[in-house]
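Text of run_11.txt, listed as compact mmCIF, C-alpha atoms:
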# COMPACT_ATOMS: atom_id res chain seq x y z
CA MET A 945 -10.48 8.47 37.92
CA ASN A 946 -12.85 8.66 34.96
CA MET A 947 -12.76 12.23 33.63
CA LEU A 948 -15.34 11.64 30.92
CA SER A 949 -19.03 12.51 31.12
CA LYS A 950 -21.68 9.84 30.69
CA GLU A 951 -22.41 11.14 27.18
CA GLN A 952 -18.75 11.04 26.16
CA GLN A 953 -18.32 7.53 27.52
CA ALA A 954 -21.49 6.38 25.78
CA PHE A 955 -20.18 7.64 22.43
CA LEU A 956 -16.83 5.88 22.92
CA ASP A 957 -18.66 2.69 23.87
CA LEU A 958 -20.65 2.93 20.64
CA VAL A 959 -17.49 3.42 18.59
CA THR A 960 -15.74 0.55 20.36
CA LYS A 961 -18.64 -1.78 19.65
CA SER A 962 -18.96 -0.63 16.03
CA PHE A 963 -15.27 -1.15 15.23
CA ALA A 964 -14.90 -4.44 17.09
CA VAL A 965 -14.18 -7.43 14.84
CA SER A 966 -14.62 -10.89 16.31
CA ASP A 967 -12.35 -13.86 15.67
CA ASP A 968 -15.20 -15.60 13.83
CA VAL A 969 -15.57 -12.67 11.45
CA LEU A 970 -11.82 -12.64 10.80
CA ASN A 971 -11.69 -16.39 10.17
CA THR A 972 -14.56 -16.02 7.71
CA LEU A 973 -12.69 -13.13 6.08
CA VAL A 974 -9.60 -15.32 5.57
CA THR A 975 -11.75 -17.95 3.87
CA ARG A 976 -13.50 -15.46 1.59
CA VAL A 977 -10.30 -13.68 0.53
CA HIS A 978 -8.62 -17.04 -0.13
CA ALA A 979 -11.53 -18.09 -2.35
CA GLU A 980 -11.49 -14.76 -4.18
CA LEU A 981 -7.78 -15.16 -4.95
CA PHE A 982 -8.52 -18.49 -6.66
CA ARG A 983 -11.49 -16.97 -8.47
CA GLY A 984 -9.35 -14.12 -9.81
CA LEU A 985 -7.04 -16.61 -11.54
CA ALA A 986 -9.83 -18.66 -13.10
CA SER A 987 -10.70 -18.49 -16.79
CA ASN A 988 -14.41 -19.20 -16.35
CA THR A 989 -16.32 -18.24 -13.26
CA SER A 990 -19.96 -17.85 -12.35
CA ARG A 991 -19.26 -14.40 -10.96
CA THR A 992 -16.68 -11.78 -11.81
CA SER A 993 -13.81 -11.56 -9.36
CA GLU A 994 -13.25 -8.36 -7.42
CA LEU A 995 -9.50 -8.80 -7.78
CA LEU A 996 -7.41 -7.89 -10.82
CA MET A 997 -4.82 -10.66 -10.25
CA LYS A 998 -2.43 -9.34 -12.90
CA PRO A 999 0.62 -11.58 -13.55
CA SER A 1000 4.18 -10.32 -14.12
CA PHE A 1001 6.98 -12.71 -15.05
CA ILE A 1002 9.81 -13.18 -12.55
CA ARG A 1003 13.23 -13.89 -13.99
CA PRO A 1004 16.74 -13.74 -12.52
CA PRO A 1005 18.71 -10.70 -13.73
CA LEU A 1006 20.96 -11.36 -16.72
CA ALA A 1007 24.71 -11.03 -16.23
CA ARG A 1008 25.80 -7.76 -17.85
CA PRO A 1009 29.12 -6.80 -16.27
CA SER A 1010 29.71 -3.86 -18.58
CA SER A 1011 26.16 -2.54 -18.95
CA VAL A 1012 23.75 -0.56 -16.82
CA SER A 1013 20.04 -1.00 -16.08
CA LEU A 1014 17.82 1.74 -14.69
CA GLY A 1015 14.99 1.67 -12.19
CA MET A 1016 12.45 4.46 -11.68
CA SER A 1017 10.03 4.89 -8.79
CA ILE A 1018 7.16 7.39 -9.09
CA SER A 1019 5.38 8.40 -5.89
CA GLY A 1020 3.50 11.66 -5.44
CA SER A 1021 5.56 14.49 -6.88
CA ARG A 1022 8.82 12.56 -6.47
CA ILE A 1023 10.63 10.52 -9.07
CA ARG A 1024 13.61 8.47 -7.93
CA ILE A 1025 16.04 6.86 -10.36
CA THR A 1026 18.73 4.31 -9.64
CA SER A 1027 21.22 2.43 -11.78
CA ILE A 1028 22.50 -1.10 -11.23
CA CYS A 1029 25.11 -3.37 -12.74
CA VAL A 1030 24.82 -7.16 -12.77
CA ASP A 1031 28.04 -9.17 -12.35
CA ALA A 1032 28.95 -12.50 -13.94
CA LYS A 1033 27.12 -14.33 -11.12
CA SER A 1034 23.91 -12.42 -11.88
CA THR A 1035 24.22 -10.44 -8.64
CA PRO A 1036 22.96 -6.86 -8.99
CA THR A 1037 24.69 -3.95 -7.26
CA ARG A 1038 23.52 -0.36 -7.06
CA SER A 1039 25.75 2.41 -8.33
CA HIS A 1040 23.87 5.75 -8.36
CA THR A 1041 20.54 7.08 -7.06
CA GLN A 1042 18.98 10.50 -7.58
CA VAL A 1043 15.69 12.15 -6.54
CA PHE A 1044 13.69 14.65 -8.62
CA THR A 1045 10.62 16.70 -7.71
CA MET A 1046 7.86 17.26 -10.22
CA HIS A 1047 6.06 20.59 -10.41
CA GLU A 1048 2.29 20.78 -10.46
CA HIS A 1049 0.57 20.34 -13.84
CA GLN A 1050 3.67 18.81 -15.46
CA SER A 1051 3.15 15.79 -17.69
CA VAL A 1052 4.45 12.80 -15.75
CA PHE A 1053 5.67 11.18 -18.98
CA ASP A 1054 7.66 14.22 -20.16
CA PHE A 1055 9.04 14.84 -16.68
CA ALA A 1056 10.13 11.19 -16.41
CA ALA A 1057 12.04 11.61 -19.67
CA TYR A 1058 13.64 14.79 -18.36
CA CYS A 1059 14.73 12.99 -15.16
CA VAL A 1060 16.30 10.11 -17.08
CA ARG A 1061 18.18 12.51 -19.35
CA GLU A 1062 19.51 14.47 -16.36
CA PHE A 1063 20.45 11.26 -14.55
CA VAL A 1064 22.30 9.80 -17.54
CA GLN A 1065 24.21 13.03 -18.21
CA HIS A 1066 25.06 13.68 -14.55
CA HIS A 1067 26.46 10.20 -13.96
CA LYS A 1068 28.02 9.94 -17.45
CA LEU A 1069 26.30 6.68 -18.31
CA ASP A 1070 26.50 4.97 -21.67
CA SER A 1071 23.17 5.92 -23.22
CA SER A 1072 23.44 3.82 -26.39
CA SER A 1073 20.75 1.48 -25.09
CA LEU A 1074 19.30 1.57 -21.58
CA PRO A 1075 16.63 -0.77 -20.19
CA LEU A 1076 14.29 0.86 -17.64
CA GLY A 1077 11.96 -0.73 -15.12
CA VAL A 1078 9.28 1.50 -13.58
CA THR A 1079 7.44 1.03 -10.29
CA ILE A 1080 4.39 3.06 -9.26
CA VAL A 1081 3.92 3.71 -5.54
CA PRO A 1082 1.03 6.20 -5.26
CA SER A 1083 1.01 8.35 -2.15
CA GLU A 1084 -2.75 8.53 -2.76
CA PRO A 1085 -4.83 5.70 -4.28
CA THR A 1086 -6.07 7.76 -7.26
CA GLU A 1087 -2.64 9.17 -8.10
CA HIS A 1088 -0.81 8.44 -11.37
CA THR A 1089 -3.52 6.10 -12.64
CA GLU A 1090 -2.46 7.02 -16.19
CA LEU A 1091 0.80 5.16 -15.58
CA LEU A 1092 -1.09 1.93 -14.94
CA SER A 1093 -3.14 2.13 -18.13
CA SER A 1094 -2.56 -0.28 -21.01
CA ASP A 1095 -0.81 2.33 -23.18
CA SER A 1096 1.41 3.87 -20.50
CA GLY A 1097 4.53 2.10 -21.80
CA ARG A 1098 3.95 3.49 -25.28
CA LYS A 1099 3.46 7.02 -23.92
CA LEU A 1100 6.59 6.78 -21.80
CA CYS A 1101 8.67 5.51 -24.73
CA ALA A 1102 7.31 8.34 -26.90
CA ALA A 1103 8.48 10.85 -24.28
CA PHE A 1104 11.96 9.29 -24.35
CA VAL A 1105 12.04 9.58 -28.15
CA ARG A 1106 11.11 13.27 -27.93
CA SER A 1107 14.03 13.71 -25.52
CA HIS A 1108 16.39 11.83 -27.90
CA LEU A 1109 16.95 9.01 -25.40
CA ASN A 1110 17.51 5.39 -26.42
CA VAL A 1111 15.64 4.01 -23.41
CA HIS A 1112 13.29 1.05 -23.62
CA VAL A 1113 10.75 0.33 -20.89
CA THR A 1114 10.86 -3.33 -19.85
CA ALA A 1115 8.20 -3.31 -17.12
CA ILE A 1116 5.74 -1.02 -15.35
CA THR A 1117 4.58 -2.52 -12.07
CA ARG A 1118 3.13 -1.41 -8.78
CA GLY A 1119 5.20 -1.24 -5.63
CA ALA A 1120 4.44 -4.67 -4.18
CA VAL A 1121 5.63 -6.51 -7.31
CA SER A 1122 8.89 -4.52 -7.30
CA ALA A 1123 9.35 -5.17 -3.57
CA LEU A 1124 8.80 -8.87 -4.23
CA VAL A 1125 11.37 -8.92 -7.02
CA ALA A 1126 13.96 -7.08 -4.90
CA SER A 1127 13.52 -9.38 -1.93
CA ARG A 1128 13.82 -12.57 -4.01
CA ILE A 1129 17.44 -11.70 -4.82
CA LYS A 1130 18.39 -12.83 -1.31
CA LYS A 1131 15.36 -14.78 -0.06
CA SER A 1132 12.68 -17.06 -1.44
CA THR A 1133 10.07 -14.41 -0.70
CA ARG A 1134 6.54 -15.34 -1.72
CA VAL A 1135 4.44 -12.39 -0.49
CA ALA A 1136 5.04 -8.63 -0.49
CA ALA A 1137 2.68 -5.93 0.81
CA VAL A 1138 2.98 -2.15 0.66
CA PHE A 1139 0.73 -0.08 2.94
CA ASP A 1140 0.93 3.53 1.78
CA GLY A 1141 -1.93 5.84 0.86
CA GLY A 1142 -3.58 2.70 -0.49
CA VAL A 1143 -2.62 -0.94 -0.15
CA ASP A 1144 -0.81 -3.16 -2.62
CA VAL A 1145 -0.17 -6.91 -2.19
CA ALA A 1146 1.62 -9.30 -4.56
CA TYR A 1147 2.60 -12.95 -4.26
CA VAL A 1148 4.43 -15.63 -6.26
CA GLU A 1149 2.40 -18.12 -8.26
CA GLN A 1150 3.14 -20.86 -10.78
CA LEU A 1151 2.03 -19.82 -14.25
CA GLY A 1152 0.15 -23.10 -14.65
CA GLN A 1153 -2.21 -22.01 -11.86
CA VAL A 1154 -3.26 -18.90 -13.80
CA SER A 1155 -5.94 -20.61 -15.84
CA LYS A 1156 -7.21 -17.36 -17.37
CA LEU A 1157 -3.97 -17.36 -19.42
CA ARG A 1158 -3.21 -19.86 -22.15
CA VAL A 1159 0.20 -21.36 -21.41
CA SER A 1160 2.23 -24.17 -22.90
CA ASP A 1161 3.27 -27.24 -20.95
CA GLU A 1162 6.88 -25.99 -21.03
CA THR A 1163 6.02 -22.75 -19.21
CA LYS A 1164 3.52 -24.05 -16.62
CA SER A 1165 6.20 -24.27 -13.93
CA SER A 1166 7.44 -20.71 -14.57
CA LEU A 1167 6.97 -18.29 -11.71
CA VAL A 1168 4.96 -15.10 -11.96
CA ALA A 1169 4.28 -12.30 -9.51
CA ILE A 1170 0.54 -11.77 -9.10
CA ASP A 1171 -0.51 -8.18 -8.44
CA THR A 1172 -3.72 -8.94 -6.55
CA ASP A 1173 -5.27 -5.44 -6.45
CA ILE A 1174 -6.38 -6.50 -2.97
CA GLY A 1175 -7.53 -2.99 -2.09
CA ASN A 1176 -10.67 -3.62 -4.14
CA PHE A 1177 -11.75 -6.59 -2.03
CA GLY A 1178 -15.14 -6.17 -0.40
CA SER A 1179 -16.37 -3.61 -2.92
CA ARG A 1180 -19.24 -5.72 -4.24
CA TYR A 1181 -20.25 -8.39 -1.79
CA ASN A 1182 -20.25 -6.85 1.71
CA ALA A 1183 -17.50 -9.16 2.87
CA LEU A 1184 -15.84 -6.69 5.24
CA PRO A 1185 -16.94 -5.32 8.64
CA VAL A 1186 -17.79 -1.68 7.93
CA THR A 1187 -19.38 1.01 10.08
CA MET A 1188 -21.50 4.06 9.28
CA TRP A 1189 -18.28 6.11 9.36
CA ASP A 1190 -16.62 3.84 6.81
CA ARG A 1191 -19.61 4.23 4.52
CA ARG A 1192 -19.46 8.00 4.88
CA VAL A 1193 -15.75 8.15 4.04
CA ASP A 1194 -16.36 5.91 1.04
CA ARG A 1195 -19.33 7.95 -0.18
CA GLU A 1196 -17.44 11.25 0.09
CA SER A 1197 -14.20 9.97 -1.44
CA ASN A 1198 -13.22 10.45 -5.08
CA ASN A 1199 -12.93 6.68 -5.65
CA SER A 1200 -16.02 5.06 -4.21
CA GLY A 1201 -15.60 1.33 -3.61
CA ARG A 1202 -12.23 -0.29 -2.81
CA VAL A 1203 -13.52 -1.08 0.67
CA PHE A 1204 -10.51 -2.96 2.05
CA GLU A 1205 -8.23 -0.12 1.01
CA LYS A 1206 -10.34 2.33 3.00
CA LEU A 1207 -10.14 0.19 6.15
CA VAL A 1208 -6.33 0.02 6.17
CA GLY A 1209 -4.88 2.62 3.76
CA GLY A 1210 -2.94 5.61 5.01
CA ARG A 1211 -5.11 7.96 2.99
CA TYR A 1212 -8.20 6.97 5.01
CA LEU A 1213 -7.31 5.99 8.60
CA GLY A 1214 -6.78 9.58 9.71
CA GLU A 1215 -9.94 10.63 7.88
CA LEU A 1216 -11.94 7.99 9.76
CA VAL A 1217 -10.70 9.39 13.07
CA ARG A 1218 -11.48 12.92 11.90
CA ASN A 1219 -15.06 11.92 11.09
CA LEU A 1220 -15.45 10.45 14.57
CA ILE A 1221 -14.06 13.64 16.07
CA VAL A 1222 -16.41 15.84 14.02
CA ASP A 1223 -19.41 13.79 15.15
CA MET A 1224 -18.39 14.33 18.77
CA ILE A 1225 -17.92 18.04 18.10
CA ASP A 1226 -21.42 18.25 16.60
CA GLN A 1227 -22.82 16.64 19.75
CA ARG A 1228 -20.79 19.07 21.89
CA LEU A 1229 -18.79 16.24 23.41
CA LEU A 1230 -15.34 17.39 22.27
CA PHE A 1231 -13.43 20.70 21.94
CA THR A 1232 -16.46 22.59 23.23
CA LYS A 1233 -14.58 25.87 23.79
CA CYS A 1234 -12.34 25.79 20.71
CA ASN A 1235 -12.45 26.99 17.14
CA VAL A 1236 -12.90 23.76 15.20
CA GLN A 1237 -12.90 25.15 11.66
CA GLU A 1238 -9.55 23.61 10.69
CA ILE A 1239 -10.33 20.10 11.93
CA SER A 1240 -13.57 20.25 9.92
CA VAL A 1241 -11.62 20.23 6.64
CA PRO A 1242 -11.68 16.76 5.02
CA TYR A 1243 -8.41 14.79 5.13
CA SER A 1244 -6.76 17.37 7.40
CA LEU A 1245 -5.93 14.77 10.07
CA HIS A 1246 -3.13 12.69 8.63
CA THR A 1247 -2.64 9.03 9.48
CA ALA A 1248 1.00 9.78 10.36
CA TYR A 1249 -0.24 11.63 13.47
CA MET A 1250 -1.98 8.57 14.88
CA GLY A 1251 1.12 6.61 15.91
CA PRO A 1252 2.60 9.39 18.08
CA ILE A 1253 -0.84 10.12 19.58
CA ILE A 1254 -1.31 6.48 20.56
CA ASP A 1255 2.21 6.27 21.99
CA GLU A 1256 2.06 9.43 24.09
CA LEU A 1257 -0.90 11.41 25.40
CA ASP A 1258 0.98 14.72 25.22
CA ALA A 1259 1.30 14.27 21.43
CA VAL A 1260 -2.40 15.14 21.12
CA ASP A 1261 -1.61 18.64 22.40
CA ALA A 1262 1.36 19.03 20.08
CA VAL A 1263 -0.53 17.92 16.96
CA PHE A 1264 -3.82 19.70 17.56
CA ALA A 1265 -2.23 22.99 18.66
CA ALA A 1266 0.18 23.10 15.71
CA GLU A 1267 -2.14 21.81 12.98
CA PHE A 1268 -5.59 22.99 14.05
CA GLY A 1269 -5.08 25.74 16.64
CA ILE A 1270 -6.92 23.69 19.25
CA ASN A 1271 -5.97 23.66 22.93
CA CYS A 1272 -7.04 20.31 24.35
CA SER A 1273 -8.42 19.58 27.77
CA GLU A 1274 -7.44 16.41 29.58
CA SER A 1275 -10.65 14.68 28.51
CA ASP A 1276 -10.16 15.86 24.91
CA ARG A 1277 -6.70 14.26 24.85
CA ARG A 1278 -7.96 10.96 26.20
CA ILE A 1279 -10.87 10.82 23.76
CA VAL A 1280 -8.70 11.53 20.70
CA ARG A 1281 -6.15 8.96 21.77
CA THR A 1282 -8.89 6.37 22.31
CA LEU A 1283 -10.41 7.03 18.88
CA CYS A 1284 -7.00 6.62 17.19
CA SER A 1285 -6.40 3.37 19.05
CA ILE A 1286 -9.79 1.92 18.08
CA VAL A 1287 -9.40 2.70 14.37
CA MET A 1288 -5.80 1.49 14.26
CA ALA A 1289 -6.59 -1.74 16.12
CA ARG A 1290 -9.32 -2.69 13.66
CA ALA A 1291 -7.07 -1.85 10.70
CA ALA A 1292 -4.35 -4.17 12.03
CA ARG A 1293 -6.76 -7.04 12.63
CA VAL A 1294 -8.35 -6.81 9.18
CA ALA A 1295 -4.98 -6.34 7.44
CA GLY A 1296 -3.52 -9.34 9.27
CA ALA A 1297 -6.44 -11.56 8.27
CA VAL A 1298 -6.20 -10.58 4.59
CA LEU A 1299 -2.43 -11.13 4.57
CA ALA A 1300 -2.98 -14.57 6.12
CA ALA A 1301 -5.25 -15.48 3.20
CA VAL A 1302 -2.58 -14.39 0.69
CA VAL A 1303 0.09 -16.39 2.55
CA LEU A 1304 -2.09 -19.49 2.39
CA LYS A 1305 -2.55 -19.01 -1.36
CA ALA A 1306 1.19 -18.49 -1.89
CA LYS A 1307 1.93 -21.55 0.23
CA ALA A 1308 -0.48 -23.84 -1.64
CA ASP A 1309 2.12 -25.29 -4.01
CA ALA A 1310 5.30 -24.36 -2.16
CA ASP A 1311 7.49 -26.83 -0.29
CA ASP A 1312 9.78 -24.16 1.13
CA SER A 1313 9.06 -21.73 3.95
CA VAL A 1314 7.23 -18.49 3.28
CA THR A 1315 8.87 -15.09 3.64
CA VAL A 1316 6.58 -12.05 3.78
CA VAL A 1317 7.94 -8.59 3.01
CA LEU A 1318 6.11 -5.59 4.50
CA SER A 1319 6.72 -1.91 3.82
CA GLY A 1320 4.96 1.43 3.50
CA THR A 1321 4.41 4.75 5.20
CA VAL A 1322 1.55 3.42 7.34
CA PHE A 1323 3.92 1.03 9.09
CA ASP A 1324 6.78 3.55 9.14
CA ALA A 1325 4.65 6.08 11.02
CA ASN A 1326 2.81 3.52 13.17
CA PRO A 1327 5.18 0.75 14.35
CA GLN A 1328 2.51 -0.61 16.68
CA MET A 1329 0.23 -1.30 13.72
CA LEU A 1330 3.05 -3.23 12.07
CA ASP A 1331 3.49 -5.41 15.16
CA ASP A 1332 -0.26 -5.92 15.55
CA THR A 1333 -0.72 -6.78 11.85
CA VAL A 1334 2.02 -9.41 11.97
CA ARG A 1335 0.61 -10.88 15.18
CA GLU A 1336 -2.90 -11.06 13.69
CA MET A 1337 -1.61 -12.66 10.48
CA GLN A 1338 0.14 -15.36 12.48
CA CYS A 1339 -2.99 -15.95 14.60
CA ARG A 1340 -5.06 -16.61 11.46
CA LEU A 1341 -2.59 -19.13 10.00
CA PRO A 1342 -2.32 -22.83 10.85
CA HIS A 1343 0.42 -23.74 13.33
CA THR A 1344 2.29 -25.46 10.50
CA VAL A 1345 2.63 -22.17 8.60
CA ARG A 1346 4.93 -19.67 10.30
CA PRO A 1347 6.16 -17.10 7.78
CA GLU A 1348 9.31 -15.10 8.28
CA VAL A 1349 8.47 -11.39 8.20
CA VAL A 1350 10.93 -8.88 6.73
CA VAL A 1351 10.44 -5.11 6.84
CA GLN A 1352 11.72 -3.40 3.69
CA SER A 1353 12.66 0.19 3.00
CA PRO A 1354 11.12 2.17 0.10
CA SER A 1355 14.46 2.03 -1.73
CA ASP A 1356 13.98 -1.71 -2.21
CA GLU A 1357 10.99 -1.07 -4.48
CA LEU A 1358 13.23 1.12 -6.63
CA PHE A 1359 15.88 -1.60 -6.61
CA GLY A 1360 13.26 -4.12 -7.72
CA ALA A 1361 12.30 -1.91 -10.67
CA ALA A 1362 15.92 -1.84 -11.80
CA ILE A 1363 16.17 -5.63 -11.46
CA ASN A 1364 13.08 -5.92 -13.67
CA ALA A 1365 14.99 -3.94 -16.29
CA ALA A 1366 18.02 -6.20 -16.00
CA CYS A 1367 15.93 -9.34 -16.58
CA ILE A 1368 15.30 -8.60 -20.26

Can the structure from this file be put into structure tokens for me?
Amino acid sequence: MNMLSKEQQAFLDLVTKSFAVSDDVLNTLVTRVHAELFRGLASNTSRTSELLMKPSFIRPPLARPSSVSLGMSISGSRIRITSICVDAKSTPTRSHTQVFTMHEHQSVFDFAAYCVREFVQHHKLDSSSLPLGVTIVPSEPTEHTELLSSDSGRKLCAAFVRSHLNVHVTAITRGAVSALVASRIKKSTRVAAVFDGGVDVAYVEQLGQVSKLRVSDETKSSLVAIDTDIGNFGSRYNALPVTMWDRRVDRESNNSGRVFEKLVGGRYLGELVRNLIVDMIDQRLLFTKCNVQEISVPYSLHTAYMGPIIDELDAVDAVFAAEFGINCSESDRRIVRTLCSIVMARAARVAGAVLAAVVLKAKADADDSVTVVLSGTVFDANPQMLDDTVREMQCRLPHTVRPEVVVQSPSDELFGAAINAACI
């Protein structure tokens, strides 16, 4: 029995049509992303690439049976530190891990130095000379941007000097590069993607293919991890299927642009649903007898709620009563669940198509099979989106390319940062 009014159903039909993405559009998207990946590596191009395509060298960890390397992961207010040792066979093993919480308004550089000092003293490590690899996994896309600036290594080292620590920073990378490095210890992984507040994708490339760098003949076959900055795709050339609600979220955000990131990032999926809900409230199609002040606050509907809501209708009651003081009718529950499903389905289809393009680029000069590593809070909270993204990626790839997909935990990014330290 249809419990919705004609007006409610008409609005849902409009949303369904607006968020629908055809197979032709997705195939075109794969082609355009693939071309943009090549363009980002080129030295001379008729138009500037949207993608950063920043290379980081990949090396096996050096055997240091008696020494320790440190890895640091910075995400939100949390800093995690781990230590590893590398045996005579260049196999790294973890020894200690510790989590610290940063207070508001603290300098991230000085707090990082404090954490390292506490870690070294607590675990009684030899601090005569410690290499440190750092990975940045922002819980929000605009978070800790100072750590990705060109002088962040210098500022971090200066903080260590002020704390009387003999620590040298070997690498500062984003989460996908660290996840890629960690996975390659056991597998020939060629692509890694992290879907958190934003989105971060890296893949393995031969240095000789990075024509914007001057390289010698001896180093052309060396492998590098390319941090694609894929979240910025679609920011200039209208290459992605966006709706009026996407444009509104982008316009009202504090980092306008980065269109792909706003279609799939955990910071924005819940906000898209909230905007749809608010529009229905304004048309008196939803929560007509409730106080809707709380749901009207931007970014109050978190993406983590969407998975449970899609899985179980009763979760709508639990979330909206606890978070917004709203008692839902049966039609309210069905509408909210439908809106979450529509937004999540499009995100999975677009994410899968973009990942397929990266897999094709990573496969271009590779004779071996392709392993893809996926991780992030979006997939952790929404397992169905993970399954749908993988299925869509495989649909967009030729039948001859069937990547193995591995789901990583956040601790692997921290492990990868420590391996980066052990490679120097």

Given only C-alpha atoms as the basis, pick out the residue of A:Glu1205, A:Asp1255, A:Glu994, A:Asp1261 nearest to Asp1140 (chain A).
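Looking only at the distances to Asp1140 (chain A), the closest residue turns out to be A:Glu1205.
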
Taking only C-alpha atoms into account, name the residue in A:Arg1293, A:Arg1106, A:His1246, A:Lys1068 that is nearest to Leu1184 (chain A).
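Of the candidates, the smallest distance to Leu1184 (chain A) is held by A:Arg1293.
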
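Of the listed residues (A:Arg1003, A:Lys1156, A:His1049, A:Arg1098), A:Arg1098 comes nearest to Ile1116 (chain A); the distances count only C-alpha atoms.
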
Using only C-alpha atoms, which of A:Pro1354, A:Pro1347, A:Gly1360, A:Pro1075 sits nearest Ser1132 (chain A)?
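Result for the nearest residue to Ser1132 (chain A): A:Pro1347.
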
Between CA of Leu1092 (chain A) and CA of Arg1180 (chain A), what is the distance, to one decimal in Å?
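Calculated distance between CA of Leu1092 (chain A) and CA of Arg1180 (chain A) is 22.4 Å.
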
Produce a table with one row for each residue of region 1179-1258 of chain A that has an atom at most 8 Å from any atom of region 948-969 of chain A, each row naming the nearest atom pair and its distance in Å at one decimal; use all atoms listed in the file; arrange rows by chain and rising residue number; format as JSON lines.
{"residue": "A:Pro1185", "atom": "CA", "partner": "A:Val965", "partner_atom": "CA", "distance": 7.1}
{"residue": "A:Val1186", "atom": "CA", "partner": "A:Phe963", "partner_atom": "CA", "distance": 7.7}
{"residue": "A:Thr1187", "atom": "CA", "partner": "A:Ser962", "partner_atom": "CA", "distance": 6.2}
{"residue": "A:Met1224", "atom": "CA", "partner": "A:Phe955", "partner_atom": "CA", "distance": 7.8}
{"residue": "A:Leu1229", "atom": "CA", "partner": "A:Gln952", "partner_atom": "CA", "distance": 5.9}

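Picture a line from CA of Ser1039 (chain A) to CA of Leu1076 (chain A); it runs 14.8 Å.
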
Using only C-alpha atoms, which of A:Thr1333, A:Asn1182, A:Thr1114, A:Gln1065 sits nearest Ser1000 (chain A)?
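Between A:Thr1333, A:Asn1182, A:Thr1114, A:Gln1065, the residue approaching Ser1000 (chain A) most closely is A:Thr1114.
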